[in-house]
Structures are given as structure tokens and as C-alpha cells.
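Coordinates from coords_15.cif are shown below (mmCIF, C-alpha atoms).
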data_model
#
loop_
_atom_site.group_PDB
_atom_site.id
_atom_site.type_symbol
_atom_site.label_atom_id
_atom_site.label_comp_id
_atom_site.auth_asym_id
_atom_site.auth_seq_id
_atom_site.Cartn_x
_atom_site.Cartn_y
_atom_site.Cartn_z
ATOM 1 C CA MET A 26 22.525 -30.370 26.099
ATOM 2 C CA THR A 27 20.002 -27.803 27.319
ATOM 3 C CA MET A 28 19.831 -24.597 25.388
ATOM 4 C CA ARG A 29 19.303 -21.303 27.160
ATOM 5 C CA GLU A 30 16.441 -19.329 25.739
ATOM 6 C CA PRO A 31 17.470 -15.719 24.988
ATOM 7 C CA PRO A 32 15.099 -12.855 25.933
ATOM 8 C CA ARG A 33 12.066 -13.419 23.746
ATOM 9 C CA LEU A 34 11.030 -9.804 23.364
ATOM 10 C CA ALA A 35 14.519 -8.759 22.251
ATOM 11 C CA ALA A 36 14.666 -11.580 19.685
ATOM 12 C CA TRP A 37 11.152 -10.743 18.487
ATOM 13 C CA LEU A 38 12.045 -7.070 18.086
ATOM 14 C CA LEU A 39 15.109 -7.972 16.025
ATOM 15 C CA GLN A 40 13.085 -10.344 13.905
ATOM 16 C CA ARG A 41 10.329 -7.830 13.282
ATOM 17 C CA LEU A 42 12.256 -4.587 12.907
ATOM 18 C CA VAL A 43 15.374 -5.644 11.032
ATOM 19 C CA ALA A 44 15.261 -7.104 7.507
ATOM 20 C CA SER A 45 15.628 -10.857 7.588
ATOM 21 C CA ALA A 46 18.815 -10.899 5.479
ATOM 22 C CA ARG A 47 20.463 -8.975 8.317
ATOM 23 C CA SER A 48 18.589 -10.308 11.330
ATOM 24 C CA GLN A 49 18.922 -14.049 10.658
ATOM 25 C CA PRO A 50 22.740 -14.374 10.896
ATOM 26 C CA LEU A 51 22.752 -11.847 13.727
ATOM 27 C CA LEU A 52 20.095 -13.759 15.681
ATOM 28 C CA GLY A 53 22.098 -16.960 15.176
ATOM 29 C CA ASP A 54 25.283 -15.298 16.402
ATOM 30 C CA LEU A 55 23.527 -13.803 19.417
ATOM 31 C CA PHE A 56 22.008 -17.200 20.240
ATOM 32 C CA GLU A 57 25.398 -18.921 19.901
ATOM 33 C CA GLU A 58 27.156 -16.345 22.060
ATOM 34 C CA TYR A 59 24.327 -16.371 24.615
ATOM 35 C CA GLN A 60 24.925 -20.098 25.141
ATOM 36 C CA THR A 61 28.460 -19.322 26.346
ATOM 37 C CA GLY A 62 27.050 -17.691 29.490
ATOM 38 C CA ARG A 63 26.308 -14.132 28.402
ATOM 39 C CA THR A 64 23.674 -12.307 30.423
ATOM 40 C CA SER A 65 20.269 -11.054 29.346
ATOM 41 C CA ALA A 66 21.560 -7.508 29.763
ATOM 42 C CA TRP A 67 24.248 -8.280 27.205
ATOM 43 C CA TYR A 68 21.612 -9.651 24.802
ATOM 44 C CA TRP A 69 19.477 -6.548 25.235
ATOM 45 C CA ARG A 70 22.481 -4.264 24.720
ATOM 46 C CA GLU A 71 23.333 -6.054 21.480
ATOM 47 C CA THR A 72 19.709 -5.842 20.384
ATOM 48 C CA ILE A 73 19.536 -2.106 21.025
ATOM 49 C CA VAL A 74 22.766 -1.520 19.066
ATOM 50 C CA ALA A 75 21.372 -3.596 16.183
ATOM 51 C CA LEU A 76 18.079 -1.697 16.215
ATOM 52 C CA LEU A 77 19.883 1.642 16.246
ATOM 53 C CA LEU A 78 22.203 0.589 13.431
ATOM 54 C CA PHE A 79 19.806 -1.240 11.150
ATOM 55 C CA ALA A 80 16.166 -0.549 11.986
ATOM 56 C CA GLY A 81 16.699 3.232 11.965
ATOM 57 C CA ARG A 82 18.520 3.077 8.633
ATOM 58 C CA GLU A 83 15.856 0.826 7.121
ATOM 59 C CA ALA A 84 13.094 3.133 8.345
ATOM 60 C CA LEU A 85 14.859 6.134 6.767
ATOM 61 C CA GLY A 86 15.281 4.226 3.515
ATOM 62 C CA HIS A 87 11.597 3.320 3.575
ATOM 63 C CA LEU A 88 10.686 6.968 4.197
ATOM 64 C CA ARG A 89 12.824 8.071 1.265
ATOM 65 C CA HIS A 90 11.204 5.419 -0.887
ATOM 66 C CA ARG A 91 7.714 6.524 0.201
ATOM 67 C CA GLY A 92 8.603 10.190 -0.290
ATOM 68 C CA GLY A 93 9.673 9.504 -3.865
ATOM 69 C CA LEU A 94 6.492 7.570 -4.465
ATOM 70 C CA VAL A 95 4.299 10.407 -3.162
ATOM 71 C CA ILE A 96 6.029 12.915 -5.469
ATOM 72 C CA LEU A 97 5.691 10.561 -8.438
ATOM 73 C CA ARG A 98 2.028 10.042 -7.651
ATOM 74 C CA LEU A 99 1.411 13.789 -7.397
ATOM 75 C CA VAL A 100 3.176 14.382 -10.722
ATOM 76 C CA ALA A 101 1.118 11.614 -12.342
ATOM 77 C CA GLN A 102 -2.130 13.019 -10.964
ATOM 78 C CA PHE A 103 -1.241 16.585 -11.942
ATOM 79 C CA GLY A 104 -0.438 15.414 -15.462
ATOM 80 C CA LEU A 105 -3.729 13.582 -15.617
ATOM 81 C CA LEU A 106 -5.595 16.660 -14.393
ATOM 82 C CA ILE A 107 -3.974 18.843 -17.077
ATOM 83 C CA TRP A 108 -4.809 16.257 -19.708
ATOM 84 C CA LEU A 109 -8.462 16.106 -18.661
ATOM 85 C CA ILE A 110 -8.782 19.897 -18.568
ATOM 86 C CA ALA A 111 -7.264 20.132 -22.053
ATOM 87 C CA LEU A 112 -9.642 17.416 -23.233
ATOM 88 C CA SER A 113 -12.666 19.165 -21.780
ATOM 89 C CA GLU A 114 -11.576 22.483 -23.302
ATOM 90 C CA SER A 115 -11.210 20.961 -26.743
ATOM 91 C CA TYR A 116 -14.629 19.363 -26.310
ATOM 92 C CA ARG A 117 -16.095 22.703 -25.282
ATOM 93 C CA GLN A 118 -15.116 24.102 -28.669
ATOM 94 C CA ARG A 119 -17.685 21.760 -30.191
ATOM 95 C CA CYS A 120 -20.230 21.689 -27.408
ATOM 96 C CA PRO A 121 -21.175 24.809 -25.411
ATOM 97 C CA SER A 122 -22.465 22.952 -22.351
ATOM 98 C CA PRO A 123 -19.459 20.999 -21.193
ATOM 99 C CA PRO A 124 -20.485 17.899 -19.288
ATOM 100 C CA LEU A 125 -16.949 16.594 -19.625
ATOM 101 C CA LEU A 126 -15.433 19.070 -17.176
ATOM 102 C CA LEU A 127 -17.607 17.728 -14.392
ATOM 103 C CA ASN A 128 -17.402 14.148 -15.551
ATOM 104 C CA GLY A 129 -13.678 14.486 -16.119
ATOM 105 C CA SER A 130 -13.257 15.611 -12.539
ATOM 106 C CA ILE A 131 -15.313 12.661 -11.333
ATOM 107 C CA LEU A 132 -13.218 10.336 -13.479
ATOM 108 C CA LEU A 133 -10.045 11.898 -12.109
ATOM 109 C CA LEU A 134 -11.261 11.330 -8.575
ATOM 110 C CA ALA A 135 -12.238 7.763 -9.402
ATOM 111 C CA CYS A 136 -8.847 7.189 -10.999
ATOM 112 C CA THR A 137 -7.046 8.605 -7.968
ATOM 113 C CA ALA A 138 -9.170 6.584 -5.578
ATOM 114 C CA PHE A 139 -8.514 3.436 -7.571
ATOM 115 C CA ALA A 140 -4.759 4.046 -7.648
ATOM 116 C CA GLU A 141 -4.684 4.831 -3.930
ATOM 117 C CA ALA A 142 -6.793 1.787 -3.070
ATOM 118 C CA ALA A 143 -4.576 -0.467 -5.171
ATOM 119 C CA THR A 144 -1.383 0.826 -3.580
ATOM 120 C CA ALA A 145 -2.916 0.540 -0.109
ATOM 121 C CA LEU A 146 -3.872 -3.053 -0.914
ATOM 122 C CA LEU A 147 -0.307 -3.764 -1.999
ATOM 123 C CA ASP A 148 0.978 -2.213 1.233
ATOM 124 C CA TRP A 149 -1.391 -4.309 3.295
ATOM 125 C CA ARG A 150 -0.455 -7.498 1.458
ATOM 126 C CA ARG A 151 3.237 -6.798 1.915
ATOM 127 C CA SER A 152 2.832 -6.107 5.612
ATOM 128 C CA LEU A 153 1.028 -9.442 5.938
ATOM 129 C CA LEU A 154 3.737 -11.326 4.091
ATOM 130 C CA ARG A 155 6.526 -9.300 5.761
ATOM 131 C CA ALA A 156 8.668 -10.189 2.777
ATOM 132 C CA ASP A 157 12.076 -8.636 2.186
ATOM 133 C CA ARG A 158 11.525 -7.160 -1.174
ATOM 134 C CA PRO A 159 14.171 -6.222 -3.699
ATOM 135 C CA ALA A 160 14.457 -2.453 -4.078
ATOM 136 C CA GLY A 161 12.427 -1.009 -6.927
ATOM 137 C CA ARG A 162 9.895 -3.771 -7.380
ATOM 138 C CA PRO A 163 7.060 -2.216 -5.365
ATOM 139 C CA LEU A 164 7.712 1.153 -6.983
ATOM 140 C CA PHE A 165 7.462 -0.466 -10.403
ATOM 141 C CA LEU A 166 4.268 -2.256 -9.383
ATOM 142 C CA ARG A 167 2.706 0.892 -8.019
ATOM 143 C CA LEU A 168 3.666 2.946 -11.031
ATOM 144 C CA SER A 169 2.167 0.244 -13.236
ATOM 145 C CA VAL A 170 -1.056 0.403 -11.234
ATOM 146 C CA VAL A 171 -1.196 4.212 -11.444
ATOM 147 C CA ALA A 172 -0.358 4.159 -15.174
ATOM 148 C CA PHE A 173 -2.970 1.454 -15.786
ATOM 149 C CA ALA A 174 -5.598 3.421 -13.890
ATOM 150 C CA ALA A 175 -4.690 6.672 -15.640
ATOM 151 C CA ILE A 176 -4.671 5.181 -19.140
ATOM 152 C CA GLY A 177 -7.775 3.068 -18.501
ATOM 153 C CA PHE A 178 -9.938 5.816 -17.082
ATOM 154 C CA SER A 179 -8.693 8.512 -19.442
ATOM 155 C CA GLY A 180 -9.161 6.208 -22.414
ATOM 156 C CA GLY A 181 -12.697 5.580 -21.203
ATOM 157 C CA ALA A 182 -13.263 9.314 -20.862
ATOM 158 C CA VAL A 183 -12.021 9.999 -24.396
ATOM 159 C CA THR A 184 -14.177 7.236 -25.851
ATOM 160 C CA TRP A 185 -17.179 8.448 -23.912
ATOM 161 C CA ALA A 186 -16.588 12.061 -24.939
ATOM 162 C CA SER A 187 -16.249 11.206 -28.601
ATOM 163 C CA THR A 188 -19.457 9.168 -28.648
ATOM 164 C CA THR A 189 -21.588 11.565 -26.587
ATOM 165 C CA SER A 190 -24.067 13.341 -28.817
ATOM 166 C CA CYS A 191 -23.988 17.081 -28.588
ATOM 167 C CA ALA A 192 -25.862 19.713 -30.543
ATOM 168 C CA PRO A 193 -23.111 22.122 -31.512
ATOM 169 C CA VAL A 194 -24.163 25.762 -31.296
ATOM 170 C CA SER A 195 -22.238 28.309 -33.251
ATOM 171 C CA HIS A 196 -21.633 31.368 -31.093
ATOM 172 C CA THR A 197 -20.486 33.324 -34.106
ATOM 173 C CA ALA A 198 -23.635 32.555 -36.111
ATOM 174 C CA THR A 199 -25.970 33.540 -33.239
ATOM 175 C CA HIS A 200 -23.992 36.712 -32.622
ATOM 176 C CA ASP A 201 -24.072 37.619 -36.350
ATOM 177 C CA THR A 202 -27.849 37.070 -36.502
ATOM 178 C CA ALA A 203 -28.347 39.348 -33.505
ATOM 179 C CA ILE A 204 -26.298 42.121 -35.156
ATOM 180 C CA ASN A 205 -28.254 41.777 -38.435
ATOM 181 C CA ARG A 206 -31.532 42.187 -36.523
ATOM 182 C CA HIS A 207 -30.307 45.498 -35.111
ATOM 183 C CA MET B 5 45.008 10.219 -8.699
ATOM 184 C CA PRO B 6 42.547 7.295 -8.736
ATOM 185 C CA LYS B 7 39.581 7.545 -6.368
ATOM 186 C CA ARG B 8 39.910 5.239 -3.391
ATOM 187 C CA GLU B 9 37.410 4.017 -0.844
ATOM 188 C CA TYR B 10 38.850 4.783 2.578
ATOM 189 C CA LEU B 11 38.366 2.260 5.331
ATOM 190 C CA GLY B 12 37.072 3.172 8.763
ATOM 191 C CA GLN B 13 38.875 1.902 11.856
ATOM 192 C CA LEU B 14 36.417 -0.908 12.518
ATOM 193 C CA GLU B 15 36.241 -1.760 8.822
ATOM 194 C CA LEU B 16 40.021 -2.136 8.724
ATOM 195 C CA MET B 17 40.030 -4.284 11.863
ATOM 196 C CA VAL B 18 37.285 -6.499 10.452
ATOM 197 C CA LEU B 19 39.020 -6.762 7.083
ATOM 198 C CA LEU B 20 42.351 -7.675 8.724
ATOM 199 C CA THR B 21 40.583 -10.282 10.873
ATOM 200 C CA VAL B 22 38.832 -11.814 7.884
ATOM 201 C CA ALA B 23 42.102 -11.825 5.925
ATOM 202 C CA ARG B 24 43.992 -13.778 8.603
ATOM 203 C CA PRO B 25 44.928 -17.280 7.439
ATOM 204 C CA SER B 26 43.500 -18.691 10.679
ATOM 205 C CA ALA B 27 40.125 -17.082 9.917
ATOM 206 C CA ARG B 28 39.285 -19.498 7.144
ATOM 207 C CA ASP B 29 35.640 -19.645 8.234
ATOM 208 C CA ALA B 30 35.207 -16.162 9.610
ATOM 209 C CA TYR B 31 31.706 -15.263 10.768
ATOM 210 C CA GLY B 32 30.210 -12.669 13.106
ATOM 211 C CA VAL B 33 31.068 -14.250 16.467
ATOM 212 C CA SER B 34 34.584 -15.330 15.483
ATOM 213 C CA ILE B 35 35.389 -11.887 14.074
ATOM 214 C CA ALA B 36 34.045 -10.103 17.185
ATOM 215 C CA ARG B 37 36.060 -12.431 19.462
ATOM 216 C CA GLU B 38 39.243 -11.916 17.459
ATOM 217 C CA ILE B 39 38.885 -8.138 17.557
ATOM 218 C CA ALA B 40 38.107 -8.220 21.288
ATOM 219 C CA SER B 41 41.174 -10.337 22.051
ATOM 220 C CA SER B 42 43.462 -8.231 19.857
ATOM 221 C CA SER B 43 42.263 -4.793 20.866
ATOM 222 C CA GLY B 44 41.077 -5.527 24.382
ATOM 223 C CA ARG B 45 37.761 -3.850 23.598
ATOM 224 C CA GLN B 46 34.384 -5.489 23.233
ATOM 225 C CA VAL B 47 32.665 -4.865 19.936
ATOM 226 C CA ALA B 48 28.936 -5.279 19.325
ATOM 227 C CA LEU B 49 28.012 -7.998 16.869
ATOM 228 C CA ALA B 50 25.709 -5.607 15.030
ATOM 229 C CA SER B 51 28.644 -3.214 14.539
ATOM 230 C CA VAL B 52 30.678 -6.066 13.065
ATOM 231 C CA TYR B 53 27.829 -6.894 10.695
ATOM 232 C CA ALA B 54 27.431 -3.234 9.738
ATOM 233 C CA ALA B 55 31.162 -3.056 8.922
ATOM 234 C CA LEU B 56 30.971 -6.327 6.981
ATOM 235 C CA GLU B 57 28.016 -4.983 5.021
ATOM 236 C CA ARG B 58 29.982 -1.878 4.049
ATOM 237 C CA LEU B 59 33.018 -3.980 3.109
ATOM 238 C CA GLU B 60 30.843 -6.247 1.001
ATOM 239 C CA ARG B 61 29.309 -3.244 -0.752
ATOM 240 C CA LYS B 62 32.797 -1.955 -1.529
ATOM 241 C CA GLY B 63 33.739 -5.349 -2.921
ATOM 242 C CA PHE B 64 36.358 -6.142 -0.277
ATOM 243 C CA VAL B 65 34.698 -9.241 1.175
ATOM 244 C CA VAL B 66 32.276 -11.868 -0.082
ATOM 245 C CA SER B 67 29.835 -13.877 1.990
ATOM 246 C CA SER B 68 28.435 -17.377 1.783
ATOM 247 C CA LEU B 69 25.710 -19.058 3.776
ATOM 248 C CA GLY B 70 26.453 -22.191 5.794
ATOM 249 C CA GLU B 71 24.151 -24.897 7.087
ATOM 250 C CA PRO B 72 21.585 -24.246 9.841
ATOM 251 C CA LEU B 73 22.949 -25.360 13.210
ATOM 252 C CA VAL B 74 21.132 -26.456 16.356
ATOM 253 C CA ALA B 75 23.708 -24.616 18.462
ATOM 254 C CA ARG B 76 22.560 -21.427 16.784
ATOM 255 C CA GLY B 77 18.845 -21.973 17.282
ATOM 256 C CA GLY B 78 18.502 -23.383 13.780
ATOM 257 C CA LYS B 79 20.088 -20.357 12.107
ATOM 258 C CA ALA B 80 22.846 -20.652 9.531
ATOM 259 C CA ARG B 81 26.199 -18.953 9.779
ATOM 260 C CA THR B 82 27.207 -16.391 7.193
ATOM 261 C CA TYR B 83 30.886 -16.848 6.376
ATOM 262 C CA PHE B 84 33.049 -14.052 5.056
ATOM 263 C CA ARG B 85 36.289 -14.113 3.137
ATOM 264 C CA PRO B 86 38.314 -11.322 1.576
ATOM 265 C CA THR B 87 38.439 -10.673 -2.138
ATOM 266 C CA PRO B 88 41.770 -9.921 -3.880
ATOM 267 C CA ALA B 89 40.700 -6.252 -3.880
ATOM 268 C CA GLY B 90 40.079 -6.495 -0.141
ATOM 269 C CA VAL B 91 43.529 -7.940 0.537
ATOM 270 C CA ARG B 92 45.105 -5.247 -1.638
ATOM 271 C CA GLU B 93 43.146 -2.532 0.177
ATOM 272 C CA ALA B 94 44.174 -3.872 3.594
ATOM 273 C CA ARG B 95 47.832 -3.949 2.497
ATOM 274 C CA GLU B 96 47.729 -0.419 1.084
ATOM 275 C CA THR B 97 45.918 1.001 4.120
ATOM 276 C CA HIS B 98 48.392 -0.687 6.435
ATOM 277 C CA ALA B 99 51.336 0.676 4.404
ATOM 278 C CA THR B 100 49.828 4.179 4.459
ATOM 279 C CA LEU B 101 49.369 4.029 8.239
ATOM 280 C CA MET B 102 52.966 2.828 8.649
ATOM 281 C CA ARG B 103 54.285 5.663 6.498
ATOM 282 C CA LEU B 104 52.214 8.228 8.392
ATOM 283 C CA SER B 105 53.264 6.950 11.787
ATOM 284 C CA ASP B 106 56.893 6.637 10.798
ATOM 285 C CA GLY B 107 59.025 9.299 12.401
ATOM 286 C CA LEU B 108 56.590 10.002 15.209
ATOM 287 C CA PRO B 109 58.591 9.393 18.391
ATOM 288 C CA ARG B 110 55.488 9.858 20.552
ATOM 289 C CA LEU B 111 53.990 6.704 19.113
ATOM 290 C CA LYS B 112 57.054 4.782 20.282
ATOM 291 C CA GLY B 113 56.795 6.213 23.764
ATOM 292 C CA GLN B 114 59.700 8.597 23.221
ATOM 293 C CA PRO B 115 59.495 12.308 24.015
ATOM 294 C CA ALA B 116 58.696 14.487 21.006
#

Encoded form (C-alpha cells):
Amino acid sequence: MTMREPPRLAAWLLQRLVASARSQPLLGDLFEEYQTGRTSAWYWRETIVALLLFAGREALGHLRHRGGLVILRLVAQFGLLIWLIALSESYRQRCPSPPLLLNGSILLLACTAFAEAATALLDWRRSLLRADRPAGRPLFLRLSVVAFAAIGFSGGAVTWASTTSCAPVSHTATHDTAINRH
Amino acid sequence: MPKREYLGQLELMVLLTVARPSARDAYGVSIAREIASSSGRQVALASVYAALERLERKGFVVSSLGEPLVARGGKARTYFRPTPAGVREARETHATLMRLSDGLPRLKGQPA
């Protein structure tokens, strides 16, 4: 028995744009029904309905997921920034020339770049695999990467700050000496 | 009053089709054909799957995967059957519709 080949582009679009859990049984059904003498126009109509119903919804879900991730990332970075500023301020109490403020900013940038690069790499890998992922797993992975980067770099900053030698200058003492001279 | 999940028109038609004793191995194509022959209207397969997905989420149907078939381009069928909750929901919705339509002469073709 010779099988009729359904429109390739339509089948490809369904395969690419609709999650495989949905597209596989649908593609099978469309193939089966197409063998009964349905036209290409019918196949295309079914494909368009499927894309409108599923691909649009999946894209919206993805957008929501990404939106949440962006907010979480901003919150994490803002928290990290506050932490580094507080750290540099407390260091400034002991050391009048604060190298940590500058270095902290550089570390923050490095941390952000690392987190962004890691998440981009994950995105790229996923797009290559085109795997249907369970909800929440990539978010967990990304948060782990951001948390790892934040803790790692900040921990490094704290260690570095505590070991950096600094000649503490007492503002009060200098000021008092100046008054005594007068 | 307990909170109930209301069924849409297509959801109810799909659920009733799946619940039919003859639809022992109900899947997308068979459900769409049954609805088309009963209602006289064509229904897109994707719409059937969307309704089935909603019914499954509500716990009214369960699905199982069959074997890949050559006649389907190597793709497996996904079979659906109703859960006891699904049968109960179909019965209650049907009873509600009957009660609501009862006493409406227009529905029976009589003048109001």
C-alpha cells in the first residue's frame, strides 16, 4: 500500500512549533486521516488551527516563564549590589582609601556576566536538543547558577577584602592633632 | 455549594463521545469522526486535542499511549477513556441541561 506524503512544510511546522507531547499524536492522526483522501488544504487548515491553539499558548507560557526569570535575576543582582556596597562601606570604616568599592563593582559585573553567559549557554544547549522540559527545571538550574556565581564571587570578595593589607588612618586622631596645633 | 468545573460545549461533546461504550479505544480521529457524524459539523483535530487536554487536567479523562503504527507514519495513538469523575460530570451536566431546557416549548418546535 502506497502512503500519501502530507505537506512537508506543514508537518515540519507542527513538529518544530508545538511541544512533542502534543504534536506527536496530532501528527499521527493527521497522517492517518490524510490517507483517507483528505486534501492538502485540509491538512494546512488543521495545521493552522493547531498552531493557533498550541504554539501561541506555548509561546505565551515561555514568555511568562522568561519574564519571571528576568525579575528574579534583577532581584538577585540588586541584592548582590546592596551586599557589596554594604561590604565596601564597612571596609571603608577601617581603610580610608576604599579599593573594594571599585573592585566590588568589577566583581559584580563579572558575576553578572558569568550568570548571563551560563544561562545563555543553557538556552543554546536546550535549543539544540529541542527537548520538552518539565516546568521548573530550567528555572531551578538557572537560579542555581546565579546563586553559585553570587556566593562564589562574593565569597571571594570577602576573603580578598579581609586579607588585603591596609594602613588604617584615624580621622579623629588627625583632626584632634590639628586642633591642638591651633 | 461545592465548587464545580463547568464543561464547555466541545468538552462535553468530547467527554460524551469518550464515555460511549462503543468508544472503547477512543483517540483523536475516532472522536472527531463521532462528533462530526452526530452534530453534522466538522471539528478540527487540534480542537479535539485541546478539549481532551483540558478534560485530562480536570481529571475527567485519562490517556494511554498505544503502539506506533505504519498507517500513522510510525506515530502511536493516544487513547482516552473517562474516569469515574468524568462519567459523573457528564451525567450531572446532562441532567442540568435537561432541567434547564425542560418547559421551553421553543426547543420542541412549539410556539412560545

Contacts of chain B with chain A up to 10 Å, shortest pair per row, all atoms listed in the file, as a tab-separated table:
residue	atom	partner	partner_atom	distance
B:Tyr31	CA	A:Asp54	CA	8.5
B:Gly32	CA	A:Asp54	CA	6.5
B:Val33	CA	A:Asp54	CA	5.9
B:Ser34	CA	A:Asp54	CA	9.3
B:Val47	CA	A:Glu71	CA	9.5
B:Ala48	CA	A:Glu71	CA	6.1
B:Leu49	CA	A:Glu71	CA	6.9
B:Ala50	CA	A:Ala75	CA	4.9
B:Ser51	CA	A:Ala75	CA	7.5
B:Val52	CA	A:Leu51	CA	9.8
B:Tyr53	CA	A:Leu51	CA	7.7
B:Ala54	CA	A:Leu78	CA	7.5
B:Glu57	CA	A:Arg47	CA	9.2
B:Leu69	CA	A:Pro50	CA	9.0
B:Pro72	CA	A:Gly53	CA	9.0
B:Leu73	CA	A:Gly53	CA	8.7
B:Val74	CA	A:Met28	CA	9.3
B:Ala75	CA	A:Glu57	CA	6.1
B:Arg76	CA	A:Gly53	CA	4.8
B:Gly77	CA	A:Gly53	CA	6.3
B:Gly78	CA	A:Gly53	CA	7.5
B:Lys79	CA	A:Gly53	CA	5.0
B:Ala80	CA	A:Pro50	CA	6.4
B:Arg81	CA	A:Pro50	CA	5.8
B:Thr82	CA	A:Pro50	CA	6.1
B:Tyr83	CA	A:Pro50	CA	9.6

#### Entry: Exercise: B:Thr97 partners within 10 Å, all atoms listed in the file, chain neighbours under 6 positions left out, as a PyMOL selection string
chain B and resi 10-11+16+91+103

### Query
Hey, which of B:Glu60, B:Ala94, B:Glu38, B:Glu71 ends up closest to B:Ser26? Count all atoms listed in the file.
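That would be B:Glu38, the residue with the smallest distance to B:Ser26.
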
### Task
Run through the PyMOL selection byres ((chain B and resi 19) around 10) on the given coordinates and return the selected residues as a ChimeraX atom specification.
/B:11,13-18,20-24,35,55-56,59,64-65,84-86,90-91,93-94

Could the residues in this selection be saved with C-alpha atoms as a JSON list (two decimals), in the coordinates of the input?
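Heads up, here's the output in out_35.json:
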[["chain", "number", "residue", "atom", "x", "y", "z"],
["B", 11, "LEU", "CA", 38.37, 2.26, 5.33],
["B", 13, "GLN", "CA", 38.88, 1.90, 11.86],
["B", 14, "LEU", "CA", 36.42, -0.91, 12.52],
["B", 15, "GLU", "CA", 36.24, -1.76, 8.82],
["B", 16, "LEU", "CA", 40.02, -2.14, 8.72],
["B", 17, "MET", "CA", 40.03, -4.28, 11.86],
["B", 18, "VAL", "CA", 37.28, -6.50, 10.45],
["B", 20, "LEU", "CA", 42.35, -7.68, 8.72],
["B", 21, "THR", "CA", 40.58, -10.28, 10.87],
["B", 22, "VAL", "CA", 38.83, -11.81, 7.88],
["B", 23, "ALA", "CA", 42.10, -11.82, 5.92],
["B", 24, "ARG", "CA", 43.99, -13.78, 8.60],
["B", 35, "ILE", "CA", 35.39, -11.89, 14.07],
["B", 55, "ALA", "CA", 31.16, -3.06, 8.92],
["B", 56, "LEU", "CA", 30.97, -6.33, 6.98],
["B", 59, "LEU", "CA", 33.02, -3.98, 3.11],
["B", 64, "PHE", "CA", 36.36, -6.14, -0.28],
["B", 65, "VAL", "CA", 34.70, -9.24, 1.18],
["B", 84, "PHE", "CA", 33.05, -14.05, 5.06],
["B", 85, "ARG", "CA", 36.29, -14.11, 3.14],
["B", 86, "PRO", "CA", 38.31, -11.32, 1.58],
["B", 90, "GLY", "CA", 40.08, -6.50, -0.14],
["B", 91, "VAL", "CA", 43.53, -7.94, 0.54],
["B", 93, "GLU", "CA", 43.15, -2.53, 0.18],
["B", 94, "ALA", "CA", 44.17, -3.87, 3.59]]

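Going from atom CA of A:Pro31 to atom CA of A:Arg63 covers 9.6 Å.
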
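In terms of minimum interatomic distance to B:Glu9, B:Ala89 ranks closest within B:Met102, B:Ala89, B:Ala40, B:Val66, counting only C-alpha atoms.
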
### Message
Quick check, in Å to one decimal: how far apart do atom CA of A:Ser65 and atom CA of B:Ala36 lie?
### Response
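Distance between the two atoms: 18.4 Å.
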
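The interatomic distance for the pair atom CA of A:Tyr68 and atom CA of A:Arg33 works out to 10.3 Å.
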